[in-house]
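See below for protein-v6.cif, which holds mmCIF, C-alpha atoms.
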```
data_input
#
loop_
_atom_site.label_atom_id
_atom_site.label_comp_id
_atom_site.auth_asym_id
_atom_site.auth_seq_id
_atom_site.Cartn_x
_atom_site.Cartn_y
_atom_site.Cartn_z
CA MET J 1 0.00 0.00 0.00
CA ALA J 2 1.37 3.41 -1.00
CA PHE J 3 0.91 6.56 1.06
CA ARG J 4 0.93 10.22 0.08
CA ILE J 5 4.02 12.18 1.14
CA GLU J 6 1.66 14.84 2.51
CA VAL J 7 1.19 12.64 5.59
CA VAL J 8 4.65 13.56 6.96
CA PRO J 9 3.75 16.97 8.53
CA PHE J 10 0.70 15.41 10.17
CA LEU J 11 2.84 12.62 11.65
CA LEU J 12 5.20 15.22 13.08
CA VAL J 13 2.27 17.11 14.62
CA ALA J 14 1.00 13.86 16.14
CA LEU J 15 4.43 13.23 17.64
CA ALA J 16 4.54 16.72 19.14
CA LEU J 17 1.02 16.42 20.59
CA CYS J 18 1.87 13.12 22.24
CA GLY J 19 5.02 14.65 23.72
CA ILE J 20 2.86 17.41 25.20
CA LEU J 21 0.44 14.77 26.51
CA ALA J 22 3.29 12.98 28.31
CA ILE J 23 4.38 16.24 29.97
CA LEU J 24 0.81 17.09 31.03
CA LEU J 25 0.40 13.64 32.56
CA ARG J 26 3.55 14.18 34.58
CA VAL J 27 2.25 17.58 35.74
CA VAL J 28 -0.79 15.82 37.25
CA ARG J 29 1.59 13.35 38.94
CA VAL J 30 1.17 10.34 36.66
CA SER J 31 4.32 8.24 36.74
CA TRP J 32 6.83 8.56 33.90
CA ARG J 33 6.22 4.96 32.92
CA LYS J 34 2.46 5.35 32.66
CA SER J 35 2.82 8.72 30.94
CA LEU J 36 5.03 7.18 28.27
CA VAL J 37 2.75 4.16 27.83
CA TYR J 38 -0.35 6.33 27.40
CA SER J 39 1.41 8.75 25.07
CA VAL J 40 2.92 6.02 22.90
CA PHE J 41 -0.47 4.33 22.64
CA VAL J 42 -2.14 7.57 21.52
CA LEU J 43 0.73 8.22 19.10
CA LEU J 44 0.37 4.75 17.61
CA VAL J 45 -3.38 5.17 17.11
CA LEU J 46 -2.94 8.60 15.52
CA CYS J 47 -0.16 7.44 13.21
CA LEU J 48 -2.09 4.38 12.08
CA TYR J 49 -5.13 6.50 11.29
CA LEU J 50 -3.10 9.13 9.44
CA LEU J 51 -1.38 6.50 7.32
CA TYR J 52 -4.77 4.93 6.60
CA PHE J 53 -6.25 8.29 5.67
CA PHE J 54 -3.36 9.24 3.38
CA ARG J 55 -3.30 5.86 1.63
CA ASP J 56 -3.01 5.96 -2.14
CA PRO J 57 -4.10 2.59 -3.56
CA VAL J 58 -3.72 1.63 -7.20
CA ARG J 59 -6.87 2.21 -9.26
CA THR J 60 -7.39 0.74 -12.72
CA PRO J 61 -9.86 2.60 -14.97
CA PRO J 62 -12.03 0.59 -17.39
CA ALA J 63 -10.85 0.11 -20.97
CA ASP J 64 -14.16 1.43 -22.34
CA SER J 65 -13.32 4.78 -24.00
CA ALA J 66 -16.91 5.98 -23.53
CA ALA J 67 -16.82 5.49 -19.77
CA ILE J 68 -16.65 8.42 -17.35
CA VAL J 69 -15.34 7.41 -13.93
CA ALA J 70 -15.86 8.73 -10.42
CA GLY J 71 -13.53 11.57 -9.47
CA ALA J 72 -13.67 10.67 -5.79
CA GLU J 73 -14.24 7.68 -3.52
CA GLY J 74 -17.33 7.72 -1.34
CA LYS J 75 -21.12 7.82 -1.55
CA VAL J 76 -23.18 9.52 -4.25
CA MET J 77 -25.21 12.17 -2.42
CA GLY J 78 -27.08 13.52 -5.41
CA VAL J 79 -27.59 13.50 -9.17
CA VAL J 80 -29.31 16.68 -10.37
CA ASP J 81 -29.61 18.80 -13.50
CA VAL J 82 -28.34 22.36 -13.13
CA ASP J 83 -27.39 25.38 -15.23
CA ASP J 84 -23.67 26.02 -15.67
CA PRO J 85 -23.27 29.27 -17.61
CA VAL J 86 -19.59 29.74 -16.71
CA TYR J 87 -17.75 26.53 -17.59
CA LEU J 88 -19.97 24.19 -19.63
CA LYS J 89 -22.20 27.05 -20.78
CA GLY J 90 -25.50 25.22 -20.64
CA ARG J 91 -27.47 22.53 -18.86
CA ALA J 92 -25.36 20.04 -16.96
CA VAL J 93 -25.84 17.02 -14.76
CA ARG J 94 -24.10 17.33 -11.41
CA ILE J 95 -22.96 14.14 -9.69
CA SER J 96 -22.05 14.86 -6.06
CA ILE J 97 -19.87 12.46 -4.06
CA PHE J 98 -19.44 12.72 -0.29
CA LEU J 99 -16.16 11.53 1.23
CA SER J 100 -16.24 10.29 4.82
CA LEU J 101 -13.20 10.30 7.10
CA ILE J 102 -12.45 6.66 6.19
CA ASP J 103 -12.63 6.96 2.40
CA VAL J 104 -9.59 7.27 0.14
CA HIS J 105 -9.14 11.01 -0.36
CA VAL J 106 -6.97 11.06 -3.49
CA ASN J 107 -9.05 12.42 -6.40
CA ARG J 108 -8.78 11.24 -10.01
CA ALA J 109 -9.59 12.51 -13.47
CA PRO J 110 -13.07 11.40 -14.65
CA ILE J 111 -12.09 11.70 -18.33
CA SER J 112 -8.99 11.96 -20.50
CA GLY J 113 -8.23 15.41 -21.82
CA ARG J 114 -6.51 18.74 -21.37
CA VAL J 115 -6.76 20.89 -18.25
CA GLU J 116 -8.44 24.06 -19.52
CA SER J 117 -8.41 25.83 -16.17
CA ALA J 118 -7.72 25.14 -12.51
CA ALA J 119 -8.36 27.63 -9.73
CA TYR J 120 -9.25 27.88 -6.04
CA PHE J 121 -12.06 30.08 -4.73
CA ARG J 122 -12.61 31.40 -1.22
CA GLY J 123 -16.00 30.98 0.38
CA ALA J 124 -18.03 29.63 3.29
CA ARG J 125 -17.79 26.29 5.12
CA HIS J 126 -21.36 25.03 5.14
CA PHE J 127 -21.93 21.33 5.70
CA THR J 128 -21.34 19.65 2.35
CA PHE J 129 -24.63 17.75 2.43
CA GLN J 130 -26.37 21.11 2.00
CA GLU J 131 -27.29 22.06 -1.56
CA LYS J 132 -25.90 25.59 -1.21
CA SER J 133 -22.40 24.31 -0.39
CA SER J 134 -21.78 23.55 -4.07
CA ASP J 135 -21.84 27.25 -4.94
CA LEU J 136 -21.02 29.03 -1.67
CA ASN J 137 -18.28 26.95 -0.02
CA GLN J 138 -14.56 27.24 -0.60
CA HIS J 139 -13.72 25.05 -3.56
CA SER J 140 -11.44 24.37 -6.46
CA ALA J 141 -12.79 24.34 -10.01
CA ILE J 142 -11.00 22.16 -12.57
CA LEU J 143 -12.23 22.11 -16.16
CA ILE J 144 -11.05 19.18 -18.28
CA HIS J 145 -11.56 19.40 -22.04
CA GLY J 146 -11.97 15.93 -23.51
CA GLU J 147 -12.16 14.81 -27.11
CA ALA J 148 -15.90 14.16 -26.92
CA VAL J 149 -17.03 15.88 -23.73
CA ASP J 150 -15.93 18.43 -21.13
CA CYS J 151 -16.02 17.77 -17.39
CA LEU J 152 -15.95 20.27 -14.54
CA VAL J 153 -14.66 18.96 -11.22
CA LYS J 154 -15.19 20.88 -7.98
CA GLN J 155 -13.38 19.91 -4.78
CA ILE J 156 -15.54 21.42 -2.04
CA VAL J 157 -14.39 22.21 1.51
CA GLY J 158 -16.74 21.55 4.42
CA PRO J 159 -16.51 22.32 8.17
CA VAL J 160 -14.22 19.31 8.80
CA ALA J 161 -11.98 19.45 5.75
CA ARG J 162 -9.31 22.09 6.19
CA ARG J 163 -7.93 22.08 2.68
CA VAL J 164 -8.29 20.67 -0.80
CA VAL J 165 -5.35 20.61 -3.20
CA TYR J 166 -4.90 19.89 -6.89
CA TRP J 167 -1.69 18.95 -8.66
CA LEU J 168 -2.51 20.40 -12.07
CA GLU J 169 -1.56 23.23 -14.40
CA PRO J 170 -3.61 24.63 -17.31
CA GLY J 171 -2.59 22.88 -20.53
CA GLN J 172 -1.62 19.67 -18.78
CA MET J 173 -2.78 16.44 -20.45
CA LEU J 174 -4.55 13.84 -18.35
CA GLN J 175 -5.54 10.24 -18.80
CA ARG J 176 -8.76 8.98 -17.26
CA GLY J 177 -8.02 7.82 -13.72
CA ASP J 178 -4.90 9.98 -13.24
CA ARG J 179 -4.39 11.49 -9.81
CA ILE J 180 -5.44 15.14 -9.84
CA GLY J 181 -5.53 16.19 -6.19
CA MET J 182 -6.54 15.39 -2.64
CA MET J 183 -9.06 16.40 0.00
CA LYS J 184 -7.82 16.51 3.56
CA PHE J 185 -10.18 15.12 6.20
CA GLY J 186 -13.56 14.68 4.55
CA SER J 187 -15.33 16.77 1.95
CA ARG J 188 -17.37 16.67 -1.24
CA LEU J 189 -16.55 16.42 -4.92
CA ASP J 190 -18.95 17.54 -7.65
CA MET J 191 -18.66 16.41 -11.27
CA TYR J 192 -20.49 18.43 -13.95
CA LEU J 193 -21.16 16.96 -17.41
CA PRO J 194 -23.22 18.29 -20.34
CA VAL J 195 -26.66 16.79 -19.81
CA ASP J 196 -27.24 16.13 -23.53
CA LYS J 197 -24.01 14.19 -24.01
CA VAL J 198 -24.05 11.58 -21.25
CA ASP J 199 -26.17 8.90 -19.65
CA VAL J 200 -25.72 8.79 -15.87
CA LEU J 201 -25.34 5.27 -14.47
CA VAL J 202 -25.33 5.98 -10.72
CA LYS J 203 -27.96 7.15 -8.26
CA LYS J 204 -28.10 8.67 -4.81
CA GLY J 205 -26.71 6.27 -2.19
CA ASP J 206 -24.40 4.34 -4.52
CA LYS J 207 -20.84 3.71 -3.35
CA VAL J 208 -18.16 4.58 -5.90
CA ARG J 209 -14.39 4.15 -6.22
CA ALA J 210 -12.26 6.97 -7.60
CA GLY J 211 -10.87 6.21 -11.03
CA GLU J 212 -12.71 2.89 -11.36
CA THR J 213 -16.48 3.14 -10.95
CA VAL J 214 -18.23 4.15 -14.17
CA VAL J 215 -20.67 6.92 -13.24
CA ALA J 216 -21.72 7.88 -16.79
CA ARG J 217 -21.23 7.00 -20.47
CA LEU J 218 -21.15 9.07 -23.60
CA LYS J 219 -24.47 8.92 -25.43
CA ALA J 220 -22.82 8.84 -28.85
CA ALA J 221 -21.08 5.60 -27.93
CA LYS J 222 -24.24 3.67 -27.04
CA GLU J 223 -24.91 2.33 -30.50
#
```

Now that the file is in, can you turn its structure into structure tokens?
Amino acid sequence: MAFRIEVVPFLLVALALCGILAILLRVVRVSWRKSLVYSVFVLLVLCLYLLYFFRDPVRTPPADSAAIVAGAEGKVMGVVDVDDPVYLKGRAVRISIFLSLIDVHVNRAPISGRVESAAYFRGARHFTFQEKSSDLNQHSAILIHGEAVDCLVKQIVGPVARRVVYWLEPGQMLQRGDRIGMMKFGSRLDMYLPVDKVDVLVKKGDKVRAGETVVARLKAAKE
């Protein structure tokens, strides 16, 4: 199992916190031996969780060129039609995926194509299960221009998630399933696709795997 290098600062923070815990236990007259045992136990639990959270498993996208895969791992919290006058410039279907604190948080490209734009926007921190969070919360907006369809990906920050990051530059070429970024400690990812070009294959409540689960297919490829 591979892990993201971003875990290192968090492991150092965990080590420091457990050192502080050991000192506080001594202040309240807990023996050095017990203080060390308690602190090491807490450190072990924290480190195991952090490594689990920052895991980066291999994902294999389907060979089907018409398939559009999930950009995040988690549960589909909604599939709705919306207007997107800025990026897709028309009606779009929005597939929203909620990531819990135990899901893999590395995000992947839903389609192959060129990164048209990638930017981060300041905003609120509403709970990500609220409809308004898609537009009002802090988020990144990544537009991928594919050969047959465009896809807008939004990484949305909630009250728990402190940061979302993307590892992309405009003009960069992506293959479906490539790593594009990460959410740190739970959040939401929205995928926008032109409503007239795709058939959605998932529904609210479905579990999906980033880079592997087919969430939609191009309509032109059905026949």

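Considering all atoms listed in the file, the residue among J:Val106, J:Met77, J:Val37, J:Ile142 positioned nearest to Arg59 in chain J is J:Val106.
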
Using only C-alpha atoms: which of J:Gly78, J:Gly90, J:Pro57, J:Gly177 has the shortest distance to Arg108 in chain J: J:Gly177

Proximity to Phe121 in chain J - best of J:Asn107, J:Ser140, J:Ser133, J:Gln175, only C-alpha atoms: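 Smallest distance to Phe121 in chain J is found for J:Ser140.
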
Hits of the PyMOL selection byres ((chain J and resi 127) around 12) in this structure, as an MDAnalysis selection string: chainID J and resid 98 124:126 128:134 136:138 156:161 186:188

Residues selected by the PyMOL selection byres ((chain J and resi 144) around 8), written as a list in words: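 Checked against the file, the PyMOL selection byres ((chain J and resi 144) around 8) matches Ile111, Ser112, Gly113, Arg114, Val115, Glu116, Ser117, Ile142, Leu143, His145, Gly146, Asp150, Cys151, Leu152 and Val153 of chain J.
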
Residue IDs satisfying the PyMOL selection byres ((chain J and resi 60-63) around 7), as a PyMOL selection string: chain J and resi 58-59+64-65+176-177+211-212

Please identify all polymer residues within 8 Å of range 4-9 of chain J, counting all atoms listed in the file, omitting same-chain residues fewer than 4 positions from it, and present them as a compact mmCIF listing (two decimals) with C-alpha atoms, keeping the file's coordinate frame.
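So the final result, stored in result_19.txt, reads:
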```txt
# COMPACT_ATOMS: atom_id res chain seq x y z
CA VAL J 13 2.27 17.11 14.62
CA LEU J 50 -3.10 9.13 9.44
CA LEU J 51 -1.38 6.50 7.32
CA PHE J 54 -3.36 9.24 3.38
CA ARG J 55 -3.30 5.86 1.63
CA ASP J 56 -3.01 5.96 -2.14
```

Selected residue, from J:His139, J:Arg29, J:Lys197, J:Arg122, that lies nearest to Ala92 in chain J when counting only C-alpha atoms: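 Once distances to Ala92 in chain J are computed over only C-alpha atoms, the minimum belongs to J:Lys197.
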
Length of the CA of Leu46 in chain J to CA of Leu189 in chain J vector [Å]: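 Separating CA of Leu46 in chain J from CA of Leu189 in chain J is a distance of 25.8 Å.
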
How big is the axis-aligned box, and where does its centre sit, when it encloses all atoms of range 16-31 of chain J listed in the file and has 8 Å added on every side, reported in Å to one decimal as lines of an AutoDock Vina configuration file?
```
center_x = 2.1
center_y = 12.9
center_z = 29.0
size_x = 21.8
size_y = 25.3
size_z = 35.8
```

Residue nearest Ala216 in chain J - candidates J:Lys75, J:Lys203, J:Lys89, J:Lys154, atoms counted: only C-alpha atoms: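 Under the stated criterion, the closest residue is J:Lys203.
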
Computed interatomic separation between CA of Ala2 in chain J and CA of Tyr52 in chain J (Å):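 Distance reported for this atom pair: 9.9 Å.
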